[in-house]
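Enquirer: I have a structure I would like to understand better, so I am pasting it below and will then ask my questions one at a time.
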Amino acid sequence: MKKQKSVVLFVGFISIFSLIFSGCPSEPKKDTVAREVSQRPGTRNANSTSTVTMDAEKKSNIGGDYYSPKEGSSNDRYAEIQENPFLETSRAPLSTFSIDVDTASYANVRRYINDGNLPPKDSVRIEELVNYFEYDYPQPVSDIPFSVSTDVAKTPWNSKHKIVQIGLQGKKVSLENVPPSNLVFLLDVSGSMNSPDKLPLLKSGLRMLVNQLTPKDRVAIVAYAGSSGLVLPSTSASDKNKIISSLNMLEAGGSTAGGEGIQLAYKVARQNFISNGNNRVILATDGDFNVGVSSDEELVNLIEEKRKSNIFLSVFGFGRGNLNDSMMEKLSNKGNGNYAYIDSNDEARKALGNQVAGTLYTIAKDVKIQVEFNPAKVAGYRLIGYENRLLADRDFNDDAKDAGEIGAGHSVTALYEIVPAGQKVENPGVDKLKYSKVRPSDTRFNDELMTVKLRYKEPKEAKSKLLSIGVLDRNTSIDHASANLKFASAVAQFGLLMRDSRYKGSANFSSIETLARSAMGSDLKNYRGEFLNLVKRARSLKLRG
């Protein structure tokens with residue numbers, strides 16, 4: 001009897017097993033990539049070129065080779081943001097941070113809203129929203145690679161406070177006048193990239209970039225899925241057809257060995273290093289690294305080690321549903337690079353076409369800002385955004401401390417909300433000081449609100465240079481402020497609403513639209529016009545839900 005039951009159970013198990021797997025293909029899907037294989041046991045010599053297959057691996061929670069997220073669901077990953085609080089000048093007279101030219105958050109927020117959804121709170125990095133736009137800052141003079149501008153007005157969402165704008169404008173450089181480039185495209189061709197908004201869009205964007213390169217430039221292509229390989233050795237950009245053909249042949253399939261790909265890409269970049277040129281790895285991925293070195297910490301440590309070779313990094317994110325924004329932002333921050341998100345051909349044209357000089361050519365690295373507030377004028381302050389770019393005050397003078405980079409033509413904007421002297425600073429949970437008082441500043445500086453200091457290095461230098469600028473106090477209304485400050489304030493206010501920030505004050509969509517409309521400028525590329533449309537859609541989504 002027991003034996004009969006065992007047979008029945010066994011037959012039942014086999015039947016269920018057969019039903020589960022009856023729809024699966026008998027052989028795994030494969031995609032073929034021509035590549036030079038790294039030398040390791042069981043492979044051909046590293047100098048030989050072979051055609052290998054990469055097994056397409058079904059991955060849990062991401063629908064196999066093609067990922068189509070369920071309605072209203074997402075596995076996108078974002079680092080948690082704890083917003084900067086107001087700080088009292090008496091306790092913290094200095095504010096220090098690294099600049100950031102990343103723009104990924106704006107394009108990603110736009111994608112959510114255009115898809116009919118409000119963005120996740122932690123996908124909204126306000127400094128990246130503000131820095132997405134170009135501003136009318138003056139071009140630098142003499143040998144300084146960027147100009148510095150400041151402006152002060154009443155805060156749009158709190159009329160008792162003031163808003164201060166610090167604007168940096170990188171020197172514009174024609175591609176014809178930049179040094180030769182040694183580029184390595186590090187491309188994710190894993191199964192998770194098998195979607196119209198991923199690998200096809202990636203290839204389209206890189207074709208735009210390649211078509212702008214000159215014969216003095218060189219391109220290599222490294223692809224990675226279950227393992228990594230050299231698709232194209234370093235090739236002169238004079239042979240654009242060969243480079244583009246190598247891009248066109250790429251297909252998606254397999255798991256994601258991103259760490260291995262990074263190692264190979266930097267190795268290829270070192271082998272073809274141009275001592276007087278621009279050496280850069282361009283990583284294009286959805287960030288879904290899941291084989292080998294894959295944790296954020298491990299990958300960041302790897303990139304920190306590689307940046308010592310004076311090879312810069314640009315990161316381009318693609319797709320939705322399993323976008324690892326958190327990891328890609330960390331890699332760009334630690335790799336002397338920048339991070340953009342590509343959601344459309346128009347965005348690819350902006351990042352890899354119109355602004356390609358800024359993407360490829362760094363004019364200043366390790367750029368830090370330190371602000372000293374005048375206690376006679378400022379009771380407290382709040383840096384808007386840059387939460388993941390904060391530095392210790394002592395880091396400002398430490399040339400070993402990594403900071404952000406500015407590319408040719410890039411602009412960088414930072415905003416502070418200021419609590420004027422005599423007003424109470426919102427700082428819950430912190431007791432009043434018993435023994436210390438704010439000492440009035442020397443009367444010689446009574447007109448100064450604060451001093452802005454900047455440190456930066458030339459791209460190939462290890463010693464930083466110092467700039468210092470005093471910012472005069474003003475009582476200008478936001479309506480009479482510069483177009484730069486009005487538009488930046490409108491975008492920041494939009495970010496506060498999208499984050500549902502505790503610091504949003506009286507921020508509202510009508511104020512955003514009014515400010516933005518009054519500061520449209522020529523808007524030849526319609527970026528500001530698009531922002532207005534985005535505000536309208538976001539307002540509608542908020543009302544709906």
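In the structure tokens, chains take the letters A, B, ... in the order shown, each chain's residues start at 1, and ligands count up from 1 in the order shown.
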Would you list the contacts of segment 110-121 of chain A as an MDAnalysis selection string, taking every protein, DNA or RNA residue within 9 Å and counting only C-alpha atoms, but skipping same-chain residues closer than 6 positions in sequence?
Expert: chainID A and resid 72 78 80:81 343 498:500 531 534 537:538 541:542
Enquirer: Assign secondary structure with DSSP using the backbone only, and return the residues of segment 245-345 of chain A in helix (DSSP H, G or I) as a ChimeraX atom specification.
Expert: /A:245-248,258-271,296-309,325-334,345
Enquirer: Tell me, which residues of segment 356-420 of chain A carry DSSP strand (DSSP E or B), written as a PyMOL selection string?
Expert: chain A and resi 362-373+378-384+390+404-407+411-420
Enquirer: Using the selection just defined, write its residues with N, CA, C and O atoms as a tab-separated table (two decimals), in the first residue's frame.
Expert:
chain	number	residue	atom	x	y	z
A	362	THR	N	36.20	67.17	-20.16
A	362	THR	CA	36.20	67.79	-18.83
A	362	THR	C	37.15	68.99	-18.81
A	362	THR	O	38.30	68.87	-19.22
A	363	ILE	N	36.65	70.14	-18.34
A	363	ILE	CA	37.50	71.33	-18.27
A	363	ILE	C	37.96	71.65	-16.85
A	363	ILE	O	38.92	72.39	-16.65
A	364	ALA	N	37.29	71.08	-15.85
A	364	ALA	CA	37.70	71.27	-14.45
A	364	ALA	C	37.19	70.08	-13.65
A	364	ALA	O	36.06	69.63	-13.83
A	365	LYS	N	38.04	69.55	-12.76
A	365	LYS	CA	37.63	68.41	-11.94
A	365	LYS	C	37.75	68.75	-10.46
A	365	LYS	O	38.36	69.74	-10.07
A	366	ASP	N	37.14	67.89	-9.65
A	366	ASP	CA	37.13	68.06	-8.19
A	366	ASP	C	36.74	69.48	-7.80
A	366	ASP	O	37.42	70.15	-7.02
A	367	VAL	N	35.61	69.93	-8.36
A	367	VAL	CA	35.12	71.29	-8.10
A	367	VAL	C	34.28	71.27	-6.83
A	367	VAL	O	33.29	70.54	-6.73
A	368	LYS	N	34.70	72.07	-5.84
A	368	LYS	CA	34.01	72.14	-4.55
A	368	LYS	C	33.58	73.58	-4.28
A	368	LYS	O	34.25	74.52	-4.71
A	369	ILE	N	32.49	73.72	-3.56
A	369	ILE	CA	32.01	75.04	-3.14
A	369	ILE	C	31.93	75.07	-1.62
A	369	ILE	O	31.45	74.12	-1.00
A	370	GLN	N	32.43	76.16	-1.04
A	370	GLN	CA	32.26	76.38	0.40
A	370	GLN	C	31.73	77.80	0.60
A	370	GLN	O	32.32	78.76	0.11
A	371	VAL	N	30.61	77.88	1.31
A	371	VAL	CA	29.98	79.18	1.57
A	371	VAL	C	30.13	79.52	3.04
A	371	VAL	O	29.85	78.69	3.91
A	372	GLU	N	30.59	80.74	3.30
A	372	GLU	CA	30.64	81.25	4.67
A	372	GLU	C	29.57	82.34	4.81
A	372	GLU	O	29.55	83.31	4.05
A	373	PHE	N	28.67	82.15	5.77
A	373	PHE	CA	27.55	83.08	5.95
A	373	PHE	C	27.89	84.16	6.97
A	373	PHE	O	28.52	83.88	8.00
A	378	VAL	N	22.59	86.70	8.30
A	378	VAL	CA	21.96	85.39	8.10
A	378	VAL	C	21.80	84.66	9.43
A	378	VAL	O	22.78	84.34	10.09
A	379	ALA	N	20.52	84.39	9.79
A	379	ALA	CA	20.26	83.60	10.99
A	379	ALA	C	20.41	82.11	10.69
A	379	ALA	O	20.85	81.33	11.54
A	380	GLY	N	20.03	81.71	9.47
A	380	GLY	CA	20.11	80.30	9.09
A	380	GLY	C	19.98	80.14	7.58
A	380	GLY	O	19.69	81.09	6.86
A	381	TYR	N	20.17	78.93	7.12
A	381	TYR	CA	20.17	78.69	5.68
A	381	TYR	C	19.87	77.22	5.41
A	381	TYR	O	20.00	76.36	6.28
A	382	ARG	N	19.49	76.94	4.16
A	382	ARG	CA	19.27	75.57	3.71
A	382	ARG	C	19.76	75.43	2.28
A	382	ARG	O	19.35	76.21	1.40
A	383	LEU	N	20.65	74.48	2.04
A	383	LEU	CA	21.07	74.16	0.68
A	383	LEU	C	19.98	73.31	0.05
A	383	LEU	O	19.60	72.28	0.59
A	384	ILE	N	19.47	73.74	-1.10
A	384	ILE	CA	18.37	73.04	-1.76
A	384	ILE	C	18.95	71.96	-2.68
A	384	ILE	O	19.59	72.26	-3.69
A	390	LEU	N	27.24	66.42	-0.15
A	390	LEU	CA	27.74	67.20	0.97
A	390	LEU	C	29.14	66.75	1.36
A	390	LEU	O	29.48	65.57	1.29
A	404	GLY	N	33.08	66.95	-7.87
A	404	GLY	CA	32.47	66.87	-9.18
A	404	GLY	C	33.28	67.50	-10.30
A	404	GLY	O	34.22	68.25	-10.07
A	405	GLU	N	32.87	67.18	-11.53
A	405	GLU	CA	33.55	67.68	-12.73
A	405	GLU	C	32.63	68.59	-13.54
A	405	GLU	O	31.40	68.43	-13.50
A	406	ILE	N	33.23	69.52	-14.27
A	406	ILE	CA	32.50	70.37	-15.20
A	406	ILE	C	33.00	70.09	-16.61
A	406	ILE	O	34.20	70.12	-16.87
A	407	GLY	N	32.06	69.80	-17.50
A	407	GLY	CA	32.42	69.58	-18.90
A	407	GLY	C	32.33	70.87	-19.69
A	407	GLY	O	31.75	71.86	-19.24
A	411	SER	N	26.71	74.14	-17.43
A	411	SER	CA	26.44	75.11	-16.37
A	411	SER	C	26.01	74.36	-15.12
A	411	SER	O	25.45	73.26	-15.21
A	412	VAL	N	26.31	74.92	-13.97
A	412	VAL	CA	25.97	74.32	-12.67
A	412	VAL	C	25.31	75.40	-11.83
A	412	VAL	O	25.83	76.52	-11.73
A	413	THR	N	24.19	75.06	-11.22
A	413	THR	CA	23.46	76.03	-10.39
A	413	THR	C	23.21	75.44	-9.01
A	413	THR	O	22.81	74.28	-8.89
A	414	ALA	N	23.45	76.24	-7.99
A	414	ALA	CA	23.12	75.85	-6.61
A	414	ALA	C	22.26	76.95	-6.01
A	414	ALA	O	22.47	78.14	-6.29
A	415	LEU	N	21.29	76.55	-5.20
A	415	LEU	CA	20.36	77.49	-4.57
A	415	LEU	C	20.37	77.31	-3.06
A	415	LEU	O	20.34	76.18	-2.56
A	416	TYR	N	20.42	78.42	-2.36
A	416	TYR	CA	20.28	78.42	-0.90
A	416	TYR	C	19.03	79.20	-0.53
A	416	TYR	O	18.75	80.27	-1.11
A	417	GLU	N	18.26	78.68	0.43
A	417	GLU	CA	17.18	79.45	1.03
A	417	GLU	C	17.72	80.02	2.34
A	417	GLU	O	18.20	79.29	3.21
A	418	ILE	N	17.66	81.35	2.46
A	418	ILE	CA	18.28	82.07	3.57
A	418	ILE	C	17.22	82.59	4.54
A	418	ILE	O	16.22	83.17	4.12
A	419	VAL	N	17.46	82.39	5.84
A	419	VAL	CA	16.64	83.00	6.88
A	419	VAL	C	17.37	84.25	7.35
A	419	VAL	O	18.46	84.15	7.94
A	420	PRO	N	16.84	85.45	7.07
A	420	PRO	CA	17.54	86.69	7.46
A	420	PRO	C	17.73	86.78	8.97
A	420	PRO	O	16.97	86.21	9.76
Enquirer: Write out as a tab-separated table the residues of segment 323-412 of chain A that have any atom within 12 Å of an atom of segment 172-186 of chain A, one row each with the nearest atom pair and its distance in Å to one decimal, counting only C-alpha atoms, sorted by chain and then rising number.
Expert:
residue	atom	partner	partner_atom	distance
A:Gly353	CA	A:Leu175	CA	11.2
A:Asn354	CA	A:Leu175	CA	10.9
A:Gln355	CA	A:Lys172	CA	10.1
A:Val356	CA	A:Leu175	CA	8.4
A:Ala357	CA	A:Leu175	CA	6.1
A:Gly358	CA	A:Lys172	CA	8.3
A:Thr359	CA	A:Leu175	CA	11.2
A:Leu360	CA	A:Ser181	CA	8.0
A:Tyr361	CA	A:Val178	CA	7.3
A:Thr362	CA	A:Val178	CA	10.0
A:Ile363	CA	A:Val173	CA	9.5
A:Ile406	CA	A:Lys172	CA	11.1
A:Gly407	CA	A:Lys172	CA	8.9
A:Ala408	CA	A:Lys172	CA	5.2
A:Gly409	CA	A:Lys172	CA	4.1
A:His410	CA	A:Lys172	CA	7.8
A:Ser411	CA	A:Lys172	CA	10.0
Enquirer: Using only C-alpha atoms, determine which residues lie at most 10 Å from Lys486 of chain A, disregarding the query and same-chain residues fewer than 6 positions distant; provide the list as a ChimeraX atom specification.
Expert: /A:153,155-156,165,478-480,492,512,514-520
Enquirer: Which value, in Å to one decimal, gives the distance between atom CA of Ala421 of chain A and atom CA of Ala376 of chain A?
Expert: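 Result for atom CA of Ala421 of chain A versus atom CA of Ala376 of chain A: 6.3 Å, one decimal.
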Enquirer: Between A:Val152, A:Val222, A:Leu313, A:Ile126, which has the minimum distance to Leu485 of chain A (counting only C-alpha atoms)?
Expert: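 With only C-alpha atoms as the atom set, the closest residue is A:Val152.
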Enquirer: So how many Å separate atom CA of Ala225 of chain A and atom CA of Val189 of chain A, to one decimal?
Expert: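 Atom CA of Ala225 of chain A sits 5.5 Å away from atom CA of Val189 of chain A.
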Enquirer: Work out how far atom CA of Glu448 of chain A is from atom CA of Tyr503 of chain A, in Å to one decimal.
Expert: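 Atom CA of Tyr503 of chain A sits 25.4 Å away from atom CA of Glu448 of chain A.
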Enquirer: Counting only C-alpha atoms, what is within 6 Å of Gln169 of chain A, bar same-chain residues fewer than 3 positions away, as an MDAnalysis selection string?
Expert: chainID A and resid 137 146:147 411
Enquirer: Find, counting only C-alpha atoms, the residue in A:Arg307, A:Lys154, A:Arg91, A:Arg280 that gets nearest to Ser489 of chain A.
Expert: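 When distances to Ser489 of chain A are compared using only C-alpha atoms, the smallest one comes from A:Lys154.
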Enquirer: Considering only C-alpha atoms, can you say which of A:Asp398, A:Asp102, A:Glu426, A:Asp447 comes closest to Asp473 of chain A?
Expert: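 Among A:Asp398, A:Asp102, A:Glu426, A:Asp447, it is A:Asp447 that comes nearest to Asp473 of chain A.
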Enquirer: Would you list the contacts of Asp188 of chain A as a ChimeraX atom specification, taking every protein, DNA or RNA residue within 8 Å and counting only C-alpha atoms, but skipping same-chain residues closer than 5 positions in sequence?
Expert: /A:193,199,223-225,256,258,283-286
Enquirer: Show me a table, sorted first by chain and then by increasing residue number, of the residues of segment 220-309 of chain A having an atom at most 12 Å from segment 452-459 of chain A, each with its shortest atom pair and the distance in Å to one decimal, counting only C-alpha atoms and written as a Markdown table.
Expert:
| residue | atom | partner | partner_atom | distance |
| --- | --- | --- | --- | --- |
| A:Ser275 | CA | A:Pro459 | CA | 11.9 |
| A:Asn276 | CA | A:Pro459 | CA | 10.6 |
| A:Gly277 | CA | A:Pro459 | CA | 10.4 |
| A:Asn278 | CA | A:Pro459 | CA | 9.4 |
| A:Asn279 | CA | A:Pro459 | CA | 11.0 |
